[in-house]
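> Below you'll find the structure I mean.
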Number of protein chains: 2
Amino acid sequence: MVSKNQLKLITSLQQKKYRNANKLFFAEGVKGIQELLDSNFELEHLYSTKNDFSKVSKELKTIISDDDLKKISALATANSCLGVFKMPAEKPIVETGLILALDSIRDPGNLGTILRLCDWFGVEQIICSKETVDLFNPKVIQATMGSISRVNVNYIDLKAFLVETNLPIFGTFMNGENIYKSKLPKKGIIVLGNEANGISNEIEELIQNKVTIPRFGVAQKTESLNVATATAIVLSEFHRVS
Amino acid sequence: MVSKNQLKLITSLQQKKYRNANKLFFAEGVKGIQELLDSNFELEHLYSTKNDFSKVSKELKTIISDDDLKKISALATANSCLGVFKMPAEKPIVETGLILALDSIRDPGNLGTILRLCDWFGVEQIICSKETVDLFNPKVIQATMGSISRVNVNYIDLKAFLVETNLPIFGTFMNGENIYKSKLPKKGIIVLGNEANGISNEIEELIQNKVTIPRFGVAQKTESLNVATATAIVLSEFHRVS
């Protein structure tokens, strides 16, 4: 059974302010939860409709009904389990190799997909402007498929960081140099912008290398690529030469 | 006002069988509707909370309340308008340039994103197995951002088509040739597989050229890329040489 207090706590964790206040977040589904457990995220409590996760101690798990799971779930169709985890302390920024900088990415699915792409391409560090969607948003956790444990994410004053850094700064624009013809380094920062407005003016000023994914369509009507698919192409280009 | 019959009809269009029976589908939001109007999709009726779309004749539009829009909308947060359109007749398959073949893509967001990518990269033809999510699903329409008017999509017996074709057939696999080192033609078919199971065995047998997007991550734990981001990278690779 899920007590009233537990229900209240877990549903509150759908909101960033309560996640931060309680230093807790949750993940749903066997695969995502298992990934977090394997990656030494500290489990606060596990709620499951089945007697699974045999390695989790009895004190830390409760078998609940489908109805109770539905109440605590953030998904339209609840999975079979939900795990509440302790939010880890933010680690220092790792300035090796490529760093992805996100300037106000708002869609949780996009952030999750971008994290998964970074994991695939071995990008270990993402820095986010403070306006970027929260990493511990349940929809982000859902979309990362466990990559959250392998990519370091920091929320910072992006402008201040870019002013200070010695790394070359790249950004995607509609009117930059053809990315297929650009010389791309193995160390640097790649900035990606907001879904609707792209990279903000104050950040654009700090970008020395503007690159563009050329459009091949005849109609030339597609306005832009989705930011996650643009990230896929950009990371692919930065890596194909290595 | 939206009559009971209109409400019943529009909500029924969320289901494929009623879309096919009525030969109608709908789009939401000014931008998507405008794209369809500009692309000569035939409007059946427009419902808007504002007196907009001045070029649409009076007989074809109804101003409705926010509450009524909420009732007919398929979105969690309704937009300001919903347009019901006539479903165009399927056009013959165009065998020029690259053709994307989708083997049971199930997620509407993925199909929409893939369509947008095809539009960007000038791929004019998508062929889908019959199990692939329906093009006129409201969530697909939402995700295409108008690209639906510029990419031809056919639902066919994919196996039979691949058996008959003279074009080279490519497919993405975990154990194929490094795509960055593969010789990629300007004419051919690229097969992409289901989100959970990849390309089916019966289709795999017909693929002469298996390619892989190499994983650069050290942990080597990311199981796979999302099919839409994989499509982005594959289409980018096929085009960068041209």
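Going by the structure tokens order, chains are called A, B, ..., each with residues numbered from 1, while ligands are numbered from 1 in the order shown.
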Counting only C-alpha atoms, which residues of chain A fall within 6 Å of chain B, and what is the closest atom pair for each with its distance in Å at one decimal, ordered by chain and rising number, as JSON lines?

{"residue": "A:Asp119", "atom": "CA", "partner": "B:Gly217", "partner_atom": "CA", "distance": 5.7}
{"residue": "A:Trp120", "atom": "CA", "partner": "B:Gly217", "partner_atom": "CA", "distance": 5.1}
{"residue": "A:Phe121", "atom": "CA", "partner": "B:Phe216", "partner_atom": "CA", "distance": 4.5}
{"residue": "A:Gly122", "atom": "CA", "partner": "B:Gly217", "partner_atom": "CA", "distance": 3.4}
{"residue": "A:Arg215", "atom": "CA", "partner": "B:Trp120", "partner_atom": "CA", "distance": 5.4}
{"residue": "A:Phe216", "atom": "CA", "partner": "B:Phe121", "partner_atom": "CA", "distance": 4.5}
{"residue": "A:Gly217", "atom": "CA", "partner": "B:Gly122", "partner_atom": "CA", "distance": 3.4}
{"residue": "A:Thr222", "atom": "CA", "partner": "B:Trp120", "partner_atom": "CA", "distance": 5.9}
{"residue": "A:Thr229", "atom": "CA", "partner": "B:Thr229", "partner_atom": "CA", "distance": 5.2}
{"residue": "A:Ala232", "atom": "CA", "partner": "B:Thr229", "partner_atom": "CA", "distance": 5.7}
{"residue": "A:Ile233", "atom": "CA", "partner": "B:Ile233", "partner_atom": "CA", "distance": 5.2}
> Determine which residues of chain A receive a DSSP assignment of alpha helix (DSSP H), computed from the backbone, and state them as number ranges by chain.
A: 4-12, 16-22, 30-38, 66-72, 108-121, 138-144, 158-164, 201-204, 227-240
> With only C-alpha atoms counted and 12 Å as the cut-off, give the residues of region 34-120 of chain A in contact with region 189-197 of chain A, each with its shortest interatomic distance in Å and the pair that gives it, as a Markdown table.

| residue | atom | partner | partner_atom | distance |
| --- | --- | --- | --- | --- |
| A:Val94 | CA | A:Ile189 | CA | 11.8 |
| A:Glu95 | CA | A:Ile189 | CA | 9.4 |
| A:Thr96 | CA | A:Ile189 | CA | 10.0 |
| A:Gly97 | CA | A:Ile189 | CA | 8.7 |
| A:Leu98 | CA | A:Ile189 | CA | 5.8 |
| A:Ile99 | CA | A:Ile189 | CA | 4.7 |
| A:Leu100 | CA | A:Ile190 | CA | 5.0 |
| A:Ala101 | CA | A:Val191 | CA | 4.6 |
| A:Leu102 | CA | A:Leu192 | CA | 5.2 |
| A:Asp103 | CA | A:Gly193 | CA | 4.8 |
| A:Ser104 | CA | A:Asn194 | CA | 5.0 |
| A:Ile105 | CA | A:Asn194 | CA | 4.8 |
| A:Arg106 | CA | A:Asn194 | CA | 6.8 |
| A:Asp107 | CA | A:Glu195 | CA | 7.8 |
| A:Pro108 | CA | A:Glu195 | CA | 11.3 |
| A:Gly109 | CA | A:Glu195 | CA | 11.7 |
| A:Asn110 | CA | A:Glu195 | CA | 9.1 |
| A:Leu111 | CA | A:Glu195 | CA | 10.9 |
| A:Ile114 | CA | A:Leu192 | CA | 10.3 |
| A:Cys118 | CA | A:Ile190 | CA | 11.7 |
> For the atom pair CA of Val30 (chain B) and CA of Tyr47 (chain B), what is the interatomic distance in Å to one decimal place?
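A separation of 10.9 Å between them.
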> Fewer than 2 positions away in the same chain doesn't count, so skip those; otherwise give me all residues within 6 Å of region 84-93 of chain B, counting only C-alpha atoms, as a list in words.
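Using only C-alpha atoms, the neighbours found are Lys23, Leu24, Phe25, Phe26, Glu42, Leu43, Glu44 and His45 of chain B.
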> Output C-alpha atoms of each residue in that selection to a file, as a PDB file, in the first residue's frame.

ATOM      1  CA  LYS B  23     -11.296   9.831 -45.615  1.00  0.00           C
ATOM      2  CA  LEU B  24     -10.597  12.669 -43.217  1.00  0.00           C
ATOM      3  CA  PHE B  25      -7.826  13.635 -40.793  1.00  0.00           C
ATOM      4  CA  PHE B  26      -7.114  16.691 -38.662  1.00  0.00           C
ATOM      5  CA  GLU B  42      -8.384  20.195 -49.176  1.00  0.00           C
ATOM      6  CA  LEU B  43      -9.962  21.686 -46.073  1.00  0.00           C
ATOM      7  CA  GLU B  44     -13.161  20.052 -44.872  1.00  0.00           C
ATOM      8  CA  HIS B  45     -13.746  22.457 -41.994  1.00  0.00           C
TER       9      HIS B  45
END
> Please provide as a list in words all residues within 8 Å of region 3-10 of chain A, with the sequence filter that same-chain residues fewer than 2 positions apart are discarded (counting only C-alpha atoms).
Met1, Ser12, Leu13, Gln14, Phe26, Lys71, Ile72 and Val84 of chain A
> Ranking A:Val2, A:Val153, A:Ala78, A:Ile148 by minimum distance to Phe41 (chain A) and counting only C-alpha atoms, which one comes first?
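Looking at the shortest contact to Phe41 (chain A), the residue is A:Ile148.
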> Go through B:Val227, B:Leu135, B:Val140, B:Ile156 and flag the residue nearest Thr172 (chain B), using only C-alpha atoms for the distances.
B:Val227
> Grab the CA of Gly188 (chain B) to CA of Leu167 (chain B) distance for me, in Å with one decimal place.
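Separation between CA of Gly188 (chain B) and CA of Leu167 (chain B): 5.1 Å.
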> As a ChimeraX atom specification, please: every residue in region 81-182 of chain A that a backbone DSSP assignment puts in strand (DSSP E or B).
/A:81-86,98-103,125-129,152-156,169-178
> Output the selection as a compact mmCIF listing (two decimals), in the first residue's frame - C-alpha atoms for each residue.

# COMPACT_ATOMS: atom_id res chain seq x y z
CA CYS A 81 7.26 -0.09 -10.89
CA LEU A 82 8.45 3.29 -9.68
CA GLY A 83 11.68 3.96 -7.82
CA VAL A 84 12.36 7.02 -5.72
CA PHE A 85 16.06 7.89 -5.68
CA LYS A 86 18.26 10.36 -3.83
CA LEU A 98 33.76 17.78 -26.32
CA ILE A 99 31.29 19.60 -24.10
CA LEU A 100 27.70 20.15 -25.14
CA ALA A 101 26.18 23.45 -24.00
CA LEU A 102 22.39 23.75 -23.98
CA ASP A 103 20.94 27.25 -24.21
CA GLN A 125 29.82 16.69 -20.06
CA ILE A 126 26.69 18.74 -20.72
CA ILE A 127 26.40 22.28 -19.41
CA CYS A 128 22.95 23.82 -19.32
CA SER A 129 21.73 27.37 -18.96
CA ASN A 152 27.72 14.72 -16.20
CA VAL A 153 25.17 17.53 -16.33
CA ASN A 154 25.65 20.94 -14.71
CA TYR A 155 23.31 23.94 -14.59
CA ILE A 156 25.35 27.11 -14.72
CA ILE A 169 33.13 27.51 -29.05
CA PHE A 170 30.91 26.15 -31.83
CA GLY A 171 27.22 26.74 -32.35
CA THR A 172 24.60 25.68 -34.89
CA PHE A 173 22.95 28.43 -36.92
CA MET A 174 20.99 28.72 -40.15
CA ASN A 175 23.72 30.85 -41.74
CA GLY A 176 27.00 29.31 -40.57
CA GLU A 177 29.76 27.43 -42.37
CA ASN A 178 28.78 24.12 -43.95
> As an exercise, work out the distance from CA of Leu37 (chain A) to CA of Gln142 (chain A) in Å and give it to one decimal place.
14.8 Å
> Which one of B:Leu75, B:Ile141, B:Val211, B:Ile199 sits closest to Leu184 (chain B) if you count only C-alpha atoms?
B:Val211
